[in-house]
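Source file: structure09.csv (CSV, C-alpha atoms)
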```csv
chain,number,residue,atom,x,y,z
A,1,MET,CA,-89.1,-48.2,57.3
A,2,VAL,CA,-91.2,-49.0,60.3
A,3,VAL,CA,-93.2,-45.9,59.7
A,4,ASP,CA,-94.2,-44.4,56.3
A,5,HIS,CA,-95.0,-46.6,53.4
A,6,LEU,CA,-94.5,-50.3,53.8
A,7,SER,CA,-94.8,-52.5,50.7
A,8,ASP,CA,-96.8,-55.7,50.9
A,9,SER,CA,-93.6,-57.8,51.1
A,10,GLU,CA,-92.3,-55.6,53.9
A,11,VAL,CA,-95.5,-56.0,55.9
A,12,ASP,CA,-95.2,-59.8,55.3
A,13,ARG,CA,-91.6,-59.7,56.7
A,14,LEU,CA,-92.7,-57.7,59.7
A,15,PHE,CA,-95.6,-60.0,60.6
A,16,HIS,CA,-93.5,-63.1,60.0
A,17,ALA,CA,-90.7,-61.6,62.2
A,18,LEU,CA,-93.2,-60.9,65.1
A,19,ALA,CA,-95.0,-64.3,64.8
A,20,ASP,CA,-92.5,-66.0,67.0
A,21,ALA,CA,-92.3,-65.6,70.8
A,22,THR,CA,-88.5,-65.7,71.0
A,23,ARG,CA,-88.2,-63.0,68.3
A,24,ARG,CA,-90.7,-60.8,70.1
A,25,ASP,CA,-88.7,-61.2,73.3
A,26,ILE,CA,-85.4,-60.3,71.4
A,27,VAL,CA,-87.1,-57.2,70.1
A,28,ARG,CA,-88.3,-56.3,73.6
A,29,ARG,CA,-84.8,-56.6,75.0
A,30,ALA,CA,-83.1,-54.8,72.0
A,31,ILE,CA,-85.3,-51.8,72.2
A,32,THR,CA,-84.7,-51.3,75.9
A,33,GLY,CA,-80.9,-51.4,75.4
A,34,GLU,CA,-78.2,-52.8,73.2
A,35,GLN,CA,-77.5,-56.5,73.7
A,36,SER,CA,-74.8,-58.8,72.6
A,37,VAL,CA,-76.0,-61.9,70.7
A,38,SER,CA,-74.3,-64.1,73.3
A,39,GLU,CA,-76.1,-62.2,76.2
A,40,LEU,CA,-79.4,-62.7,74.4
A,41,ALA,CA,-78.7,-66.4,73.9
A,42,ARG,CA,-78.6,-67.0,77.6
A,43,HIS,CA,-82.3,-66.2,77.9
A,44,TYR,CA,-83.4,-69.0,75.6
A,45,PRO,CA,-83.0,-72.7,75.6
A,46,ILE,CA,-81.8,-72.6,72.0
A,47,SER,CA,-78.3,-72.5,70.4
A,48,LEU,CA,-76.4,-69.4,69.6
A,49,THR,CA,-76.8,-70.1,65.9
A,50,ALA,CA,-80.5,-70.3,66.3
A,51,VAL,CA,-80.5,-66.9,68.1
A,52,GLN,CA,-78.4,-65.5,65.3
A,53,LYS,CA,-80.9,-66.7,62.8
A,54,HIS,CA,-83.8,-65.0,64.7
A,55,VAL,CA,-81.8,-61.8,64.8
A,56,GLY,CA,-81.3,-62.1,61.1
A,57,VAL,CA,-85.0,-62.3,60.5
A,58,LEU,CA,-85.6,-59.3,62.7
A,59,GLU,CA,-82.9,-57.3,60.9
A,60,GLU,CA,-84.5,-58.1,57.5
A,61,ALA,CA,-87.8,-56.9,58.8
A,62,GLY,CA,-86.2,-53.6,59.9
A,63,LEU,CA,-86.8,-54.1,63.6
A,64,VAL,CA,-83.3,-54.3,64.8
A,65,VAL,CA,-79.8,-53.4,63.6
A,66,LYS,CA,-76.8,-55.6,64.1
A,67,HIS,CA,-73.2,-54.4,64.4
A,68,ARG,CA,-69.9,-55.6,65.6
A,69,HIS,CA,-68.2,-54.4,68.8
A,70,GLY,CA,-64.7,-56.0,68.9
A,71,ARG,CA,-65.4,-59.7,68.8
A,72,GLU,CA,-69.1,-59.3,69.8
A,73,GLN,CA,-72.1,-59.1,67.6
A,74,ARG,CA,-74.4,-56.6,69.1
A,75,VAL,CA,-78.1,-56.0,68.5
A,76,VAL,CA,-80.0,-52.8,69.1
A,77,GLY,CA,-83.6,-51.7,68.2
A,78,ARG,CA,-83.6,-50.0,64.8
A,79,HIS,CA,-85.2,-46.8,66.2
A,80,GLU,CA,-82.5,-46.5,68.8
A,81,ALA,CA,-79.8,-47.2,66.1
A,82,LEU,CA,-81.2,-44.3,63.9
A,83,ARG,CA,-81.3,-42.0,66.9
A,84,ARG,CA,-77.7,-42.8,67.7
A,85,ALA,CA,-76.7,-42.3,64.1
A,86,GLN,CA,-78.4,-38.9,64.2
A,87,ARG,CA,-76.5,-37.9,67.4
A,88,LEU,CA,-73.2,-39.1,66.0
A,89,LEU,CA,-73.7,-37.3,62.7
A,90,GLU,CA,-74.5,-34.1,64.7
A,91,GLU,CA,-71.2,-34.4,66.5
A,92,TYR,CA,-69.4,-35.1,63.2
A,93,GLU,CA,-71.1,-32.0,61.7
A,94,ALA,CA,-69.7,-29.9,64.6
A,95,LEU,CA,-66.2,-31.3,63.8
A,96,TRP,CA,-66.5,-30.3,60.2
A,97,ARG,CA,-68.0,-27.0,60.9
A,98,GLY,CA,-64.9,-26.3,62.9
A,99,ARG,CA,-62.6,-27.4,60.1
A,100,LEU,CA,-64.4,-25.4,57.4
A,101,ASP,CA,-64.4,-22.3,59.7
A,102,ARG,CA,-60.7,-22.7,60.3
A,103,MET,CA,-60.2,-23.0,56.5
A,104,ARG,CA,-61.9,-19.6,56.2
A,105,ALA,CA,-59.8,-18.1,58.9
A,106,LEU,CA,-56.7,-19.3,57.0
A,107,LEU,CA,-57.9,-18.0,53.6
A,108,ASP,CA,-58.7,-14.6,55.2
A,109,GLU,CA,-55.1,-14.3,56.2
A,110,ASP,CA,-54.2,-14.1,52.5
A,111,SER,CA,-56.1,-10.9,52.1
A,112,ARG,CA,-54.7,-9.4,55.3
A,113,GLY,CA,-51.2,-10.1,53.9
A,114,GLY,CA,-50.4,-12.8,56.4
A,115,THR,CA,-48.5,-16.0,55.7
A,116,ALA,CA,-50.3,-18.4,53.4
B,117,MET,CA,-70.5,-18.4,58.1
B,118,SER,CA,-68.5,-20.7,55.9
B,119,VAL,CA,-71.0,-23.6,55.9
B,120,THR,CA,-74.0,-23.1,53.5
B,121,ALA,CA,-75.6,-26.6,53.6
B,122,VAL,CA,-75.5,-29.8,55.6
B,123,VAL,CA,-77.1,-33.1,54.6
B,124,LYS,CA,-77.0,-36.0,57.0
B,125,ASP,CA,-78.3,-39.5,56.1
B,126,THR,CA,-78.8,-41.7,59.2
B,127,GLU,CA,-79.7,-44.7,57.0
B,128,ARG,CA,-76.6,-44.6,54.8
B,129,LEU,CA,-74.4,-43.0,57.5
B,130,THR,CA,-73.2,-40.2,55.3
B,131,MET,CA,-72.8,-36.5,55.8
B,132,THR,CA,-72.3,-33.9,53.2
B,133,MET,CA,-71.2,-30.3,54.0
B,134,VAL,CA,-71.0,-27.4,51.6
B,135,ALA,CA,-68.9,-24.3,52.3
B,136,GLU,CA,-68.3,-21.3,50.1
B,137,TYR,CA,-65.1,-19.3,49.9
B,138,ASP,CA,-64.2,-16.2,47.9
B,139,VAL,CA,-61.0,-17.7,46.5
B,140,THR,CA,-59.9,-19.5,43.3
B,141,ALA,CA,-60.1,-23.3,43.1
B,142,GLU,CA,-56.3,-23.4,43.1
B,143,ARG,CA,-56.1,-21.5,46.3
B,144,ALA,CA,-58.8,-23.7,48.0
B,145,TRP,CA,-56.9,-26.8,46.8
B,146,GLN,CA,-53.8,-25.6,48.6
B,147,LEU,CA,-55.7,-26.1,51.9
B,148,TRP,CA,-55.4,-29.8,51.2
B,149,ALA,CA,-52.3,-30.0,49.1
B,150,ASP,CA,-50.0,-28.1,51.4
B,151,PRO,CA,-49.4,-30.1,54.6
B,152,ARG,CA,-48.5,-26.9,56.6
B,153,GLN,CA,-51.9,-25.5,55.7
B,154,LEU,CA,-53.6,-28.7,56.5
B,155,GLU,CA,-52.1,-28.7,60.0
B,156,ARG,CA,-53.8,-25.3,60.6
B,157,TRP,CA,-57.3,-26.6,60.1
B,158,TRP,CA,-57.5,-30.4,60.4
B,159,GLY,CA,-57.3,-30.7,64.2
B,160,PRO,CA,-59.1,-28.5,66.7
B,161,PRO,CA,-56.8,-26.3,68.8
B,162,THR,CA,-56.9,-28.9,71.6
B,163,TYR,CA,-55.9,-31.7,69.2
B,164,PRO,CA,-53.5,-30.1,66.7
B,165,ALA,CA,-52.5,-32.3,63.8
B,166,THR,CA,-48.9,-32.8,62.5
B,167,PHE,CA,-48.6,-34.3,59.0
B,168,VAL,CA,-45.6,-36.5,58.5
B,169,GLU,CA,-46.0,-38.0,55.0
B,170,HIS,CA,-48.0,-36.2,52.4
B,171,ASP,CA,-48.0,-37.9,49.0
B,172,LEU,CA,-51.2,-36.6,47.4
B,173,ARG,CA,-51.3,-38.9,44.4
B,174,PRO,CA,-53.5,-41.9,43.5
B,175,ASP,CA,-52.2,-44.8,45.7
B,176,GLY,CA,-50.2,-42.3,47.7
B,177,ARG,CA,-50.3,-42.0,51.4
B,178,VAL,CA,-50.7,-39.2,53.9
B,179,THR,CA,-49.8,-39.8,57.6
B,180,TYR,CA,-50.4,-37.6,60.5
B,181,PHE,CA,-50.6,-37.6,64.3
B,182,MET,CA,-52.6,-35.5,66.6
B,183,THR,CA,-51.5,-34.3,70.0
B,184,GLY,CA,-54.1,-34.3,72.7
B,185,PRO,CA,-54.4,-32.2,75.8
B,186,THR,CA,-52.9,-35.0,77.9
B,187,GLY,CA,-50.1,-35.6,75.5
B,188,ASP,CA,-51.7,-38.6,73.8
B,189,GLN,CA,-50.8,-38.8,70.1
B,190,PRO,CA,-53.3,-40.8,68.1
B,191,ARG,CA,-52.0,-41.6,64.6
B,192,GLY,CA,-54.0,-41.4,61.4
B,193,PHE,CA,-53.5,-42.0,57.7
B,194,TRP,CA,-55.2,-41.3,54.4
B,195,ASP,CA,-55.1,-43.8,51.6
B,196,VAL,CA,-55.3,-41.6,48.5
B,197,LEU,CA,-57.8,-43.0,46.0
B,198,GLU,CA,-58.4,-40.1,43.5
B,199,VAL,CA,-56.7,-36.8,42.9
B,200,GLU,CA,-57.8,-34.3,40.3
B,201,ALA,CA,-56.1,-31.0,41.3
B,202,PRO,CA,-57.7,-28.5,41.9
B,203,ARG,CA,-61.1,-30.1,41.8
B,204,ARG,CA,-61.5,-33.5,43.5
B,205,LEU,CA,-59.9,-35.6,46.2
B,206,VAL,CA,-61.0,-39.0,47.5
B,207,VAL,CA,-59.3,-40.6,50.4
B,208,GLN,CA,-59.9,-43.3,53.0
B,209,ASP,CA,-59.2,-41.9,56.4
B,210,GLY,CA,-58.3,-44.3,59.2
B,211,PHE,CA,-56.3,-44.9,62.3
B,212,ALA,CA,-52.8,-46.3,62.5
B,213,ASP,CA,-50.6,-47.9,65.2
B,214,GLU,CA,-47.1,-46.9,66.3
B,215,ALA,CA,-45.6,-48.4,63.1
B,216,TRP,CA,-48.2,-46.5,60.9
B,217,THR,CA,-49.9,-49.8,60.1
B,218,PRO,CA,-53.6,-49.3,59.7
B,219,VAL,CA,-55.5,-50.6,62.7
B,220,ASP,CA,-58.1,-53.1,61.5
B,221,THR,CA,-60.2,-52.9,64.5
B,222,MET,CA,-60.4,-49.1,64.2
B,223,PRO,CA,-62.8,-47.5,61.8
B,224,SER,CA,-62.0,-45.7,58.6
B,225,ASN,CA,-64.3,-43.5,56.6
B,226,ARG,CA,-64.3,-42.4,53.0
B,227,MET,CA,-64.0,-38.7,52.4
B,228,VAL,CA,-64.8,-37.0,49.1
B,229,VAL,CA,-63.9,-33.4,48.4
B,230,ASP,CA,-65.2,-31.5,45.4
B,231,ILE,CA,-64.2,-27.9,44.6
B,232,ALA,CA,-66.4,-26.2,42.1
B,233,ASP,CA,-66.4,-22.6,40.7
B,234,ARG,CA,-69.3,-20.5,41.7
B,235,GLU,CA,-71.0,-18.2,39.3
B,236,GLY,CA,-69.7,-14.7,39.9
B,237,GLY,CA,-66.5,-15.8,41.6
B,238,GLY,CA,-65.4,-17.9,44.5
B,239,VAL,CA,-65.7,-21.6,45.0
B,240,THR,CA,-68.0,-24.2,46.6
B,241,MET,CA,-66.2,-26.9,48.6
B,242,THR,CA,-68.3,-30.0,49.2
B,243,VAL,CA,-67.0,-32.6,51.7
B,244,THR,CA,-68.9,-35.9,51.9
B,245,SER,CA,-68.0,-38.5,54.5
B,246,THR,CA,-69.3,-42.1,54.5
B,247,PHE,CA,-69.0,-44.4,57.5
B,248,ALA,CA,-68.9,-48.1,57.3
B,249,SER,CA,-70.9,-48.6,60.5
B,250,LEU,CA,-72.4,-46.9,63.6
B,251,GLU,CA,-69.5,-48.5,65.5
B,252,ALA,CA,-67.0,-46.7,63.2
B,253,MET,CA,-68.6,-43.4,63.9
B,254,GLU,CA,-68.7,-43.9,67.6
B,255,GLN,CA,-65.0,-44.7,67.8
B,256,LEU,CA,-64.1,-41.7,65.7
B,257,ILE,CA,-66.0,-39.4,67.9
B,258,ALA,CA,-64.5,-41.0,71.0
B,259,MET,CA,-61.1,-40.0,69.8
B,260,GLY,CA,-61.5,-36.9,71.9
B,261,MET,CA,-62.9,-34.9,69.1
B,262,GLU,CA,-66.1,-34.1,70.9
B,263,GLU,CA,-64.4,-32.4,73.8
B,264,GLY,CA,-61.9,-30.9,71.4
B,265,MET,CA,-64.6,-29.4,69.3
B,266,THR,CA,-66.5,-27.7,72.1
B,267,LEU,CA,-63.3,-25.9,73.1
B,268,ALA,CA,-62.4,-25.3,69.5
B,269,MET,CA,-65.6,-23.4,68.8
B,270,GLY,CA,-64.7,-20.8,71.4
B,271,GLN,CA,-61.3,-20.4,70.1
B,272,ILE,CA,-62.5,-20.0,66.5
B,273,ASP,CA,-64.7,-17.2,67.6
B,274,ALA,CA,-61.7,-15.5,69.2
B,275,ILE,CA,-59.6,-15.9,66.0
B,276,LEU,CA,-62.4,-14.6,63.8
B,277,ALA,CA,-63.0,-11.7,66.2
B,278,GLY,CA,-59.3,-10.8,66.2
```

Could the structure of this file be written out as structure tokens, please?
Amino acid sequence: MVVDHLSDSEVDRLFHALADATRRDIVRRAITGEQSVSELARHYPISLTAVQKHVGVLEEAGLVVKHRHGREQRVVGRHEALRRAQRLLEEYEALWRGRLDRMRALLDEDSRGGTA
Amino acid sequence: MSVTAVVKDTERLTMTMVAEYDVTAERAWQLWADPRQLERWWGPPTYPATFVEHDLRPDGRVTYFMTGPTGDQPRGFWDVLEVEAPRRLVVQDGFADEAWTPVDTMPSNRMVVDIADREGGGVTMTVTSTFASLEAMEQLIAMGMEEGMTLAMGQIDAILAG
């Protein structure tokens, strides 16, 4: 979303999201490492609810991704989130490659007259 | 190699894998329908799976535990959503506690299996997994699967070579 083709409304959302100093600061922190919303709130003289609203605006603009970790709401830069998803999917792929290869080994036993 | 295609979508958190086998759809279905066969491929050699319940019908339940290298025994379950033997299976795969109750704080992922006949014989098995969140994927991988897999790869090679 951040790269490639942005529609006019997406560009509007992006500029609107970045037109606020607190939101810019949240982005800066979220792209250097995952933050919990309550951790973030400590940096600003505003309520937790207000911080959550800012995070919501940033999420809609595709700049950050929010997720739940136990009881905590956590925020991470979108690019980092995609990179993590990529890494996890690669690990998951390895898991399934193993499973599908073991299936083959099992099916091969049939033709060798082994137990099925 | 069994796997002929892999499609990963980091936005939607899905992964689709396609494998080809030179068997009938009925035979391929048995890999899922027979718990003793499932046990031989579900877990890596370092985390073998033992299936306890195996009711492969819509609204049915499948329960299993895995045994890790340190004796840990994480429990899992499938909520069976769709069954069309020998073609299609849809389950929700999740973690359970000691009493086999699904653990809410632990992730579950949806798994769709499609078995289709290939022209000229054999089947294509397509497995699609969808995760609810990044967090869900991270917890799944943290179940010792990562280490398990690295070891498993070596052992698979040994099995195939033998």

I need the chain A residues near chain B as a PyMOL selection string; criterion: at most 8 Å, counting only C-alpha atoms. chain A and resi 67-70+81-82+84-86+88-89+91-107+116

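Here CA of Arg74 (chain A) stands at a distance of 28.9 Å from CA of Val207 (chain B).
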
Using only C-alpha atoms, give me every residue within 12 Å of (-82.3, -54.5, 71.3) in file coordinates, as a ChimeraX atom specification. /A:23-37,39-40,55,58-59,63-67,73-81

re CA of Trp194 (chain B) and CA of Arg177 (chain B): distance 5.8 Å

How many Å separate CA of Ala149 (chain B) from CA of Gly238 (chain B)? 18.4 Å

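The smallest atom-to-atom distance between Asp195 (chain B) and any of B:Trp216, B:Arg234, B:Gln208, B:Tyr180, using all atoms listed in the file, is found for B:Gln208.
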
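Between Asp233 (chain B) and the candidates B:Asp175, B:Pro202, B:Asp213, B:Ala165, the tightest atom-to-atom separation, counting all atoms listed in the file, involves B:Pro202.
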